[in-house]
Amino acid sequence: MKAIHVTRLNGPGAVELQDAPAPSPAEGEVLIEVACAGVTFPELLQTYGQYQTKHEPPFILGSELAGTVVESRSSRFAPGDRVAAIIPSGAFAQFATAPEAMVLPLPDEVTLEAAAGMPMNVLTADFALRTRGNLQPGQRVLIHGAAGGLGSACVQIALAMGAEVIAVVSSDEKAAMVTELGAQHVVRADGFKDAVKAIAPRGVDLVVDPVGGDRFTDSLRCLTTFGTLLVLGFTAGSIPEVKVNRLLLNNISVAGVGWGAALPSDPLMAQKQWAHLREYLADGQLNPHIHARFSLDQAAAAIAELENRSVIGKVILDIQEDTNG
């Protein structure tokens with residue numbers, strides 16, 4: 001089969017399309033013919049060897065995919081089933097195996113392309129808002145990086161849960177996208193605190209922050225009493241620090257959101273989340289905005305899109321477009 005290998009840790013330009021043996025499923029695993037794969041920020045970090053999950057080169061890149069079951073050594077899936085899946089590596093290939101617990105059945109209404117762009121972002125967003133943030137209908141949520149893959153998933157899930165969304169973006173194009181998603185308010189990253197205070201003088205209940213960097217303190221200042229800032233990542237590159245007296249004096253909280261780190265405590269967590277989200281999936285409330293599509297041999301360019309900070313929504317690799325040509 002054809003697959004994208006990381007051969008050296010020099011960034012996106014170092015990935016190579018190479019032949020690889022097709023995998024075989026072990027007990028409890030599912031073999032999937034990959035139709036599309038999602039490109040995520042961890043993939044960019046992995047090409048530099050900077051992600052917390054380390055793989056020694058050469059390895060096949062990619063963590064989320066959608067396709068059709070070819071062979072199943074699991075009682076839950078049969079050949080021909082349409083599924084999405086999350087795996088540690090190996091998604092950027094014609095075929096991939098995944099453990100049963102990380103294979104997600106697709107409603108008929110969800111296309112394989114859309115499904116490939118959802119698992120990591122949607123499950124992380126659900127974990128952030130519902131599990132770590134205890135979001136309730138009618139609450140206000142401030143979402144940084146709202147036009148990115150994870151940010152836009154947070155926008156859609158917050159709206160599906162009945163929240164009022166204030167989306168933080170950096171351009172007119174990104175503002176148009178999150179408005180199309182349904183965000184009730186859109187503010188610019190520069191000077192966002194004052195803009196948020198004009199919308200919500202008493203503050204917001206939750207701040208979703210996958211960005212980090214120098215906006216962290218102003219995000220704390222946007223919280224209402226008993227509000228929570230959810231830390232999802234640091235795409236700005238720097239890890240902020242908090243003076244905990246701010247938390248004490250204002251009765252606010254900072255909560256870490258490590259979806260992957262929570263999986264070992266509940267191996268069926270992804271399945272439970274997916275079942276909870278099924279209604280949102282089936283009625284179209286969760287449907288990623290596709291920024292760009294690339295064929296498998298264009299994987300380096302696809303990953304570079306994330307490095308360029310130009311992505312609005314989700315980047316997809318169309319595996320079959322390249323391999324069936």
# chains A, B, ... in the order shown; residues from 1 in each chain; ligands from 1
>>> select_by_dssp(residues="segment 84-302 of chain A", states="helix (DSSP H, G or I)", output="MDAnalysis selection string")
chainID A and resid 100:102 112:116 119:132 149:160 172:181 192:199 213:221 245:250 259:265 269:282 296:302
>>> write_last_selection(atoms="C-alpha atoms", output="short mmCIF file (atom, residue, chain, number, x, y, z; two decimals), in the first residue's frame")
data_model
loop_
_atom_site.label_atom_id
_atom_site.label_comp_id
_atom_site.auth_asym_id
_atom_site.auth_seq_id
_atom_site.Cartn_x
_atom_site.Cartn_y
_atom_site.Cartn_z
CA GLU A 100 -12.37 -1.56 18.53
CA ALA A 101 -12.79 1.05 21.27
CA MET A 102 -11.47 3.78 18.96
CA LEU A 112 -16.68 10.02 4.91
CA GLU A 113 -14.98 13.32 4.15
CA ALA A 114 -16.79 15.10 6.99
CA ALA A 115 -16.20 12.15 9.31
CA ALA A 116 -12.44 12.27 8.73
CA PRO A 119 -13.02 12.58 15.65
CA MET A 120 -10.13 14.33 17.40
CA ASN A 121 -11.68 17.79 17.42
CA VAL A 122 -15.26 16.80 18.20
CA LEU A 123 -14.38 14.43 21.03
CA THR A 124 -11.93 16.93 22.53
CA ALA A 125 -14.50 19.72 22.28
CA ASP A 126 -17.17 17.57 23.91
CA PHE A 127 -14.78 16.55 26.69
CA ALA A 128 -13.84 20.21 27.24
CA LEU A 129 -17.32 21.70 27.32
CA ARG A 130 -19.45 18.93 28.77
CA THR A 131 -17.05 17.02 31.03
CA ARG A 132 -14.48 19.59 32.16
CA GLY A 149 -10.41 22.89 13.48
CA LEU A 150 -10.71 22.50 17.25
CA GLY A 151 -12.12 25.96 17.81
CA SER A 152 -14.86 25.52 15.22
CA ALA A 153 -15.79 22.15 16.74
CA CYS A 154 -16.12 23.91 20.11
CA VAL A 155 -18.37 26.52 18.49
CA GLN A 156 -20.66 23.87 17.02
CA ILE A 157 -20.89 21.79 20.19
CA ALA A 158 -21.47 24.83 22.40
CA LEU A 159 -24.29 25.93 20.12
CA ALA A 160 -25.77 22.43 20.04
CA ASP A 172 -12.61 39.04 8.21
CA GLU A 173 -12.53 35.66 6.46
CA LYS A 174 -12.44 33.81 9.76
CA ALA A 175 -15.19 36.04 11.15
CA ALA A 176 -17.40 35.15 8.19
CA MET A 177 -16.84 31.44 8.75
CA VAL A 178 -17.73 31.40 12.45
CA THR A 179 -20.76 33.59 11.76
CA GLU A 180 -21.86 31.00 9.22
CA LEU A 181 -21.46 28.33 11.90
CA PHE A 192 -10.75 41.05 22.68
CA LYS A 193 -11.17 41.72 26.42
CA ASP A 194 -12.83 45.10 25.98
CA ALA A 195 -15.02 43.76 23.18
CA VAL A 196 -16.13 40.85 25.36
CA LYS A 197 -16.87 43.14 28.30
CA ALA A 198 -19.10 45.24 26.02
CA ILE A 199 -21.08 42.10 25.11
CA GLY A 213 0.33 32.84 24.85
CA ASP A 214 -0.16 36.44 25.95
CA ARG A 215 -3.97 36.45 25.84
CA PHE A 216 -4.26 34.20 28.90
CA THR A 217 -4.48 36.91 31.58
CA ASP A 218 -7.10 38.89 29.69
CA SER A 219 -9.07 35.66 29.29
CA LEU A 220 -9.16 35.31 33.08
CA ARG A 221 -10.41 38.87 33.30
CA ASN A 245 -4.33 35.07 43.67
CA ARG A 246 -6.48 36.02 40.64
CA LEU A 247 -8.32 32.72 41.06
CA LEU A 248 -8.84 33.23 44.77
CA LEU A 249 -9.96 36.85 44.64
CA ASN A 250 -12.45 36.35 41.80
CA TRP A 259 -8.72 14.24 26.31
CA GLY A 260 -6.07 11.70 25.40
CA ALA A 261 -4.71 11.65 28.93
CA ALA A 262 -8.17 10.76 30.23
CA LEU A 263 -8.66 7.72 27.97
CA PRO A 264 -6.68 5.21 30.08
CA SER A 265 -9.04 5.82 33.01
CA MET A 269 -14.89 6.98 26.83
CA ALA A 270 -14.71 7.71 23.09
CA GLN A 271 -17.58 5.30 22.38
CA LYS A 272 -19.73 6.85 25.10
CA GLN A 273 -19.02 10.36 23.80
CA TRP A 274 -19.79 9.37 20.21
CA ALA A 275 -23.11 7.86 21.28
CA HIS A 276 -23.96 11.06 23.15
CA LEU A 277 -23.11 13.14 20.08
CA ARG A 278 -24.97 10.95 17.59
CA GLU A 279 -28.05 13.19 17.50
CA TYR A 280 -25.90 16.24 16.74
CA LEU A 281 -24.08 14.28 14.02
CA ALA A 282 -27.23 12.98 12.37
CA LEU A 296 -2.02 11.68 -0.35
CA ASP A 297 1.11 12.69 -2.26
CA GLN A 298 0.44 16.31 -1.23
CA ALA A 299 0.62 15.51 2.50
CA ALA A 300 3.59 17.83 3.07
CA ALA A 301 1.63 20.77 1.69
CA ALA A 302 -1.41 19.80 3.77
#
>>> residues_around(residues="Gln50 of chain A", least_positions_apart="3", cutoff="12 Å", atoms="only C-alpha atoms", output="PyMOL selection string")
chain A and resi 9-11+41-47+53-56+237
>>> write_last_selection(atoms="N, CA and C atoms", output="PDB file, in the first residue's frame")
ATOM      1  N   LEU A   9      13.046  14.164  11.426  1.00  0.00           N
ATOM      2  CA  LEU A   9      12.246  15.115  12.190  1.00  0.00           C
ATOM      3  C   LEU A   9      12.633  16.547  11.823  1.00  0.00           C
ATOM      4  N   ASN A  10      12.369  16.895  10.558  1.00  0.00           N
ATOM      5  CA  ASN A  10      12.731  18.212  10.036  1.00  0.00           C
ATOM      6  C   ASN A  10      11.528  19.033   9.612  1.00  0.00           C
ATOM      7  N   GLY A  11      10.325  18.658  10.035  1.00  0.00           N
ATOM      8  CA  GLY A  11       9.149  19.419   9.653  1.00  0.00           C
ATOM      9  C   GLY A  11       8.390  18.801   8.495  1.00  0.00           C
ATOM     10  N   PHE A  41      -3.147  19.356  14.318  1.00  0.00           N
ATOM     11  CA  PHE A  41      -1.957  20.063  14.808  1.00  0.00           C
ATOM     12  C   PHE A  41      -0.905  19.107  15.383  1.00  0.00           C
ATOM     13  N   PRO A  42      -1.296  18.025  16.081  1.00  0.00           N
ATOM     14  CA  PRO A  42      -0.270  17.079  16.535  1.00  0.00           C
ATOM     15  C   PRO A  42       0.571  16.503  15.408  1.00  0.00           C
ATOM     16  N   GLU A  43      -0.016  16.318  14.210  1.00  0.00           N
ATOM     17  CA  GLU A  43       0.784  15.820  13.095  1.00  0.00           C
ATOM     18  C   GLU A  43       1.914  16.797  12.751  1.00  0.00           C
ATOM     19  N   LEU A  44       1.589  18.082  12.751  1.00  0.00           N
ATOM     20  CA  LEU A  44       2.627  19.083  12.501  1.00  0.00           C
ATOM     21  C   LEU A  44       3.732  18.954  13.546  1.00  0.00           C
ATOM     22  N   LEU A  45       3.358  18.875  14.814  1.00  0.00           N
ATOM     23  CA  LEU A  45       4.361  18.756  15.873  1.00  0.00           C
ATOM     24  C   LEU A  45       5.168  17.470  15.735  1.00  0.00           C
ATOM     25  N   GLN A  46       4.517  16.381  15.323  1.00  0.00           N
ATOM     26  CA  GLN A  46       5.223  15.106  15.191  1.00  0.00           C
ATOM     27  C   GLN A  46       6.273  15.139  14.095  1.00  0.00           C
ATOM     28  N   THR A  47       6.081  15.954  13.066  1.00  0.00           N
ATOM     29  CA  THR A  47       7.103  16.037  12.020  1.00  0.00           C
ATOM     30  C   THR A  47       8.376  16.704  12.538  1.00  0.00           C
ATOM     31  N   THR A  53       3.497  12.541  22.397  1.00  0.00           N
ATOM     32  CA  THR A  53       3.583  11.142  21.972  1.00  0.00           C
ATOM     33  C   THR A  53       4.693  11.022  20.942  1.00  0.00           C
ATOM     34  N   LYS A  54       5.749  10.289  21.273  1.00  0.00           N
ATOM     35  CA  LYS A  54       6.925  10.201  20.418  1.00  0.00           C
ATOM     36  C   LYS A  54       6.901   8.924  19.578  1.00  0.00           C
ATOM     37  N   HIS A  55       7.283   9.049  18.314  1.00  0.00           N
ATOM     38  CA  HIS A  55       7.474   7.907  17.421  1.00  0.00           C
ATOM     39  C   HIS A  55       8.851   8.034  16.793  1.00  0.00           C
ATOM     40  N   GLU A  56       9.579   6.930  16.774  1.00  0.00           N
ATOM     41  CA  GLU A  56      10.902   6.957  16.155  1.00  0.00           C
ATOM     42  C   GLU A  56      10.767   6.815  14.638  1.00  0.00           C
ATOM     43  N   GLY A 237       2.423  28.958  20.848  1.00  0.00           N
ATOM     44  CA  GLY A 237       3.809  28.563  21.038  1.00  0.00           C
ATOM     45  C   GLY A 237       4.335  28.712  22.439  1.00  0.00           C
TER      46      GLY A 237
END
>>> residues_around(residues="segment 13-18 of chain A", least_positions_apart="6", cutoff="7 Å", atoms="only C-alpha atoms", output="ChimeraX atom specification")
/A:2-7,297,300
>>> write_last_selection(atoms="all heavy atoms", output="tab-separated table (two decimals), in the first residue's frame")
chain	number	residue	atom	x	y	z
A	2	LYS	N	0.30	2.40	-0.31
A	2	LYS	CA	0.98	3.67	-0.24
A	2	LYS	C	0.70	4.32	1.11
A	2	LYS	O	-0.42	4.24	1.64
A	2	LYS	CB	0.50	4.61	-1.35
A	2	LYS	CG	0.75	4.09	-2.76
A	2	LYS	CD	2.23	4.07	-3.09
A	2	LYS	CE	2.46	3.69	-4.54
A	2	LYS	NZ	3.91	3.62	-4.86
A	3	ALA	N	1.71	4.98	1.66
A	3	ALA	CA	1.55	5.62	2.97
A	3	ALA	C	2.54	6.77	3.09
A	3	ALA	O	3.59	6.78	2.44
A	3	ALA	CB	1.77	4.61	4.10
A	4	ILE	N	2.20	7.74	3.94
A	4	ILE	CA	3.07	8.88	4.21
A	4	ILE	C	3.93	8.57	5.42
A	4	ILE	O	3.43	8.35	6.53
A	4	ILE	CB	2.24	10.15	4.46
A	4	ILE	CG1	1.53	10.57	3.18
A	4	ILE	CG2	3.12	11.28	4.96
A	4	ILE	CD1	2.45	10.96	2.04
A	5	HIS	N	5.25	8.58	5.20
A	5	HIS	CA	6.21	8.29	6.26
A	5	HIS	C	6.93	9.55	6.71
A	5	HIS	O	7.29	10.40	5.88
A	5	HIS	CB	7.26	7.28	5.78
A	5	HIS	CG	6.75	5.90	5.57
A	5	HIS	ND1	5.98	5.55	4.47
A	5	HIS	CD2	6.89	4.77	6.33
A	5	HIS	CE1	5.68	4.25	4.55
A	5	HIS	NE2	6.21	3.78	5.67
A	6	VAL	N	7.14	9.66	8.02
A	6	VAL	CA	8.07	10.64	8.56
A	6	VAL	C	9.42	9.95	8.63
A	6	VAL	O	9.61	9.00	9.38
A	6	VAL	CB	7.63	11.12	9.95
A	6	VAL	CG1	8.69	12.06	10.55
A	6	VAL	CG2	6.30	11.83	9.88
A	7	THR	N	10.35	10.41	7.81
A	7	THR	CA	11.66	9.76	7.73
A	7	THR	C	12.72	10.47	8.56
A	7	THR	O	13.73	9.87	8.92
A	7	THR	CB	12.12	9.71	6.26
A	7	THR	OG1	12.17	11.04	5.73
A	7	THR	CG2	11.15	8.86	5.43
A	297	ASP	N	-0.25	12.27	-1.93
A	297	ASP	CA	1.11	12.69	-2.26
A	297	ASP	C	1.35	14.18	-2.00
A	297	ASP	O	2.46	14.66	-2.15
A	297	ASP	CB	1.46	12.33	-3.71
A	297	ASP	CG	0.58	13.05	-4.73
A	297	ASP	OD1	-0.39	13.73	-4.32
A	297	ASP	OD2	0.84	12.90	-5.93
A	300	ALA	N	2.69	16.80	2.55
A	300	ALA	CA	3.59	17.83	3.07
A	300	ALA	C	2.94	19.20	2.99
A	300	ALA	O	3.01	20.00	3.94
A	300	ALA	CB	4.92	17.81	2.32
>>> atom_distance(atom1="atom CA of Ala22 of chain A", atom2="atom CA of Val39 of chain A")
21.1 Å
>>> closest_residue(among="A:Leu31, A:Val186, A:Ile60, A:Ile86", to="Asp19 of chain A", atoms="only C-alpha atoms")
A:Ile60
>>> residues_around(residues="segment 75-83 of chain A", least_positions_apart="6", cutoff="7 Å", atoms="only C-alpha atoms", output="PyMOL selection string")
chain A and resi 66-69+103-106
>>> atom_distance(atom1="atom CA of Lys314 of chain A", atom2="atom CA of Gly38 of chain A")
7.4 Å
>>> residues_around(residues="Thr235 of chain A", least_positions_apart="2", cutoff="7 Å", atoms="only C-alpha atoms", output="list in words")
Pro210, Val211, Gly212, Gly233 and Gly237 of chain A
>>> decode(residues="segment 276-312 of chain A", atoms="N, CA, C and O atoms", output="CSV table (one decimal), in the first residue's frame")
chain,number,residue,atom,x,y,z
A,276,HIS,N,-23.3,9.8,22.7
A,276,HIS,CA,-24.0,11.1,23.1
A,276,HIS,C,-24.1,12.1,22.0
A,276,HIS,O,-25.1,12.8,22.0
A,277,LEU,N,-23.1,12.1,21.1
A,277,LEU,CA,-23.1,13.1,20.1
A,277,LEU,C,-23.9,12.7,18.8
A,277,LEU,O,-24.0,13.5,17.9
A,278,ARG,N,-24.4,11.5,18.8
A,278,ARG,CA,-25.0,10.9,17.6
A,278,ARG,C,-26.1,11.8,17.1
A,278,ARG,O,-26.2,12.1,15.8
A,279,GLU,N,-26.9,12.3,17.9
A,279,GLU,CA,-28.0,13.2,17.5
A,279,GLU,C,-27.5,14.4,16.8
A,279,GLU,O,-28.1,14.8,15.8
A,280,TYR,N,-26.5,15.1,17.4
A,280,TYR,CA,-25.9,16.2,16.7
A,280,TYR,C,-25.3,15.9,15.4
A,280,TYR,O,-25.3,16.7,14.4
A,281,LEU,N,-24.7,14.7,15.3
A,281,LEU,CA,-24.1,14.3,14.0
A,281,LEU,C,-25.1,14.1,13.0
A,281,LEU,O,-25.0,14.5,11.8
A,282,ALA,N,-26.2,13.4,13.3
A,282,ALA,CA,-27.2,13.0,12.4
A,282,ALA,C,-28.0,14.2,11.8
A,282,ALA,O,-28.4,14.2,10.7
A,283,ASP,N,-28.2,15.2,12.7
A,283,ASP,CA,-29.0,16.3,12.2
A,283,ASP,C,-28.1,17.5,11.7
A,283,ASP,O,-28.6,18.6,11.4
A,284,GLY,N,-26.8,17.2,11.5
A,284,GLY,CA,-26.0,18.2,10.8
A,284,GLY,C,-25.4,19.3,11.7
A,284,GLY,O,-24.8,20.2,11.2
A,285,GLN,N,-25.7,19.3,13.0
A,285,GLN,CA,-25.1,20.3,13.9
A,285,GLN,C,-23.6,20.2,14.0
A,285,GLN,O,-23.0,21.2,14.4
A,286,LEU,N,-23.1,19.0,13.8
A,286,LEU,CA,-21.6,18.9,13.8
A,286,LEU,C,-21.2,18.5,12.4
A,286,LEU,O,-21.4,17.4,11.9
A,287,ASN,N,-20.6,19.5,11.7
A,287,ASN,CA,-20.2,19.3,10.3
A,287,ASN,C,-19.1,20.2,10.0
A,287,ASN,O,-19.2,21.4,9.9
A,288,PRO,N,-17.8,19.7,10.0
A,288,PRO,CA,-16.7,20.6,9.9
A,288,PRO,C,-16.6,21.4,8.6
A,288,PRO,O,-17.0,20.9,7.5
A,289,HIS,N,-16.2,22.6,8.7
A,289,HIS,CA,-15.9,23.4,7.5
A,289,HIS,C,-14.6,22.9,6.9
A,289,HIS,O,-13.6,22.9,7.6
A,290,ILE,N,-14.6,22.5,5.7
A,290,ILE,CA,-13.4,22.0,5.0
A,290,ILE,C,-12.6,23.2,4.4
A,290,ILE,O,-13.1,23.8,3.5
A,291,HIS,N,-11.5,23.4,4.9
A,291,HIS,CA,-10.6,24.5,4.5
A,291,HIS,C,-10.0,24.1,3.1
A,291,HIS,O,-9.9,24.9,2.2
A,292,ALA,N,-9.4,22.9,3.0
A,292,ALA,CA,-8.8,22.5,1.8
A,292,ALA,C,-8.7,21.0,1.8
A,292,ALA,O,-8.7,20.3,2.8
A,293,ARG,N,-8.6,20.4,0.5
A,293,ARG,CA,-8.5,19.0,0.3
A,293,ARG,C,-7.2,18.8,-0.4
A,293,ARG,O,-6.9,19.5,-1.4
A,294,PHE,N,-6.4,17.8,0.0
A,294,PHE,CA,-5.1,17.4,-0.7
A,294,PHE,C,-5.2,15.9,-0.9
A,294,PHE,O,-5.7,15.1,-0.2
A,295,SER,N,-4.5,15.5,-2.0
A,295,SER,CA,-4.3,14.1,-2.3
A,295,SER,C,-3.1,13.6,-1.3
A,295,SER,O,-2.4,14.4,-0.7
A,296,LEU,N,-3.0,12.3,-1.3
A,296,LEU,CA,-2.0,11.7,-0.3
A,296,LEU,C,-0.6,12.2,-0.6
A,296,LEU,O,0.2,12.4,0.3
A,297,ASP,N,-0.3,12.3,-1.9
A,297,ASP,CA,1.1,12.7,-2.3
A,297,ASP,C,1.3,14.2,-2.0
A,297,ASP,O,2.5,14.7,-2.1
A,298,GLN,N,0.3,14.9,-1.6
A,298,GLN,CA,0.4,16.3,-1.2
A,298,GLN,C,0.4,16.5,0.3
A,298,GLN,O,0.2,17.6,0.8
A,299,ALA,N,0.7,15.4,1.0
A,299,ALA,CA,0.6,15.5,2.5
A,299,ALA,C,1.5,16.6,3.1
A,299,ALA,O,1.1,17.3,4.0
A,300,ALA,N,2.7,16.8,2.5
A,300,ALA,CA,3.6,17.8,3.1
A,300,ALA,C,2.9,19.2,3.0
A,300,ALA,O,3.0,20.0,3.9
A,301,ALA,N,2.3,19.5,1.9
A,301,ALA,CA,1.6,20.8,1.7
A,301,ALA,C,0.4,20.9,2.6
A,301,ALA,O,0.2,22.0,3.2
A,302,ALA,N,-0.3,19.8,2.9
A,302,ALA,CA,-1.4,19.8,3.8
A,302,ALA,C,-1.0,20.1,5.2
A,302,ALA,O,-1.6,21.0,5.9
A,303,ILE,N,0.1,19.5,5.6
A,303,ILE,CA,0.6,19.8,7.0
A,303,ILE,C,1.1,21.2,7.1
A,303,ILE,O,1.0,21.9,8.1
A,304,ALA,N,1.8,21.7,6.0
A,304,ALA,CA,2.3,23.0,6.1
A,304,ALA,C,1.2,24.1,6.2
A,304,ALA,O,1.5,25.2,6.7
A,305,GLU,N,0.0,23.8,5.7
A,305,GLU,CA,-1.1,24.7,5.9
A,305,GLU,C,-1.3,25.1,7.4
A,305,GLU,O,-1.6,26.2,7.7
A,306,LEU,N,-1.2,24.0,8.2
A,306,LEU,CA,-1.3,24.3,9.7
A,306,LEU,C,-0.2,25.1,10.2
A,306,LEU,O,-0.4,26.0,11.1
A,307,GLU,N,1.0,24.9,9.7
A,307,GLU,CA,2.2,25.7,10.2
A,307,GLU,C,2.0,27.1,9.8
A,307,GLU,O,2.5,28.0,10.5
A,308,ASN,N,1.4,27.4,8.6
A,308,ASN,CA,1.3,28.8,8.1
A,308,ASN,C,0.2,29.6,8.8
A,308,ASN,O,-0.1,30.7,8.5
A,309,ARG,N,-0.6,28.9,9.8
A,309,ARG,CA,-1.7,29.6,10.5
A,309,ARG,C,-2.8,30.1,9.6
A,309,ARG,O,-3.4,31.1,9.9
A,310,SER,N,-2.9,29.5,8.4
A,310,SER,CA,-3.9,30.0,7.4
A,310,SER,C,-5.2,29.1,7.4
A,310,SER,O,-6.1,29.5,6.6
A,311,VAL,N,-5.2,28.1,8.2
A,311,VAL,CA,-6.4,27.2,8.1
A,311,VAL,C,-7.6,27.8,8.7
A,311,VAL,O,-7.6,28.3,9.8
A,312,ILE,N,-8.7,27.7,8.0
A,312,ILE,CA,-10.0,28.0,8.5
A,312,ILE,C,-10.9,26.8,8.4
A,312,ILE,O,-11.3,26.3,7.4
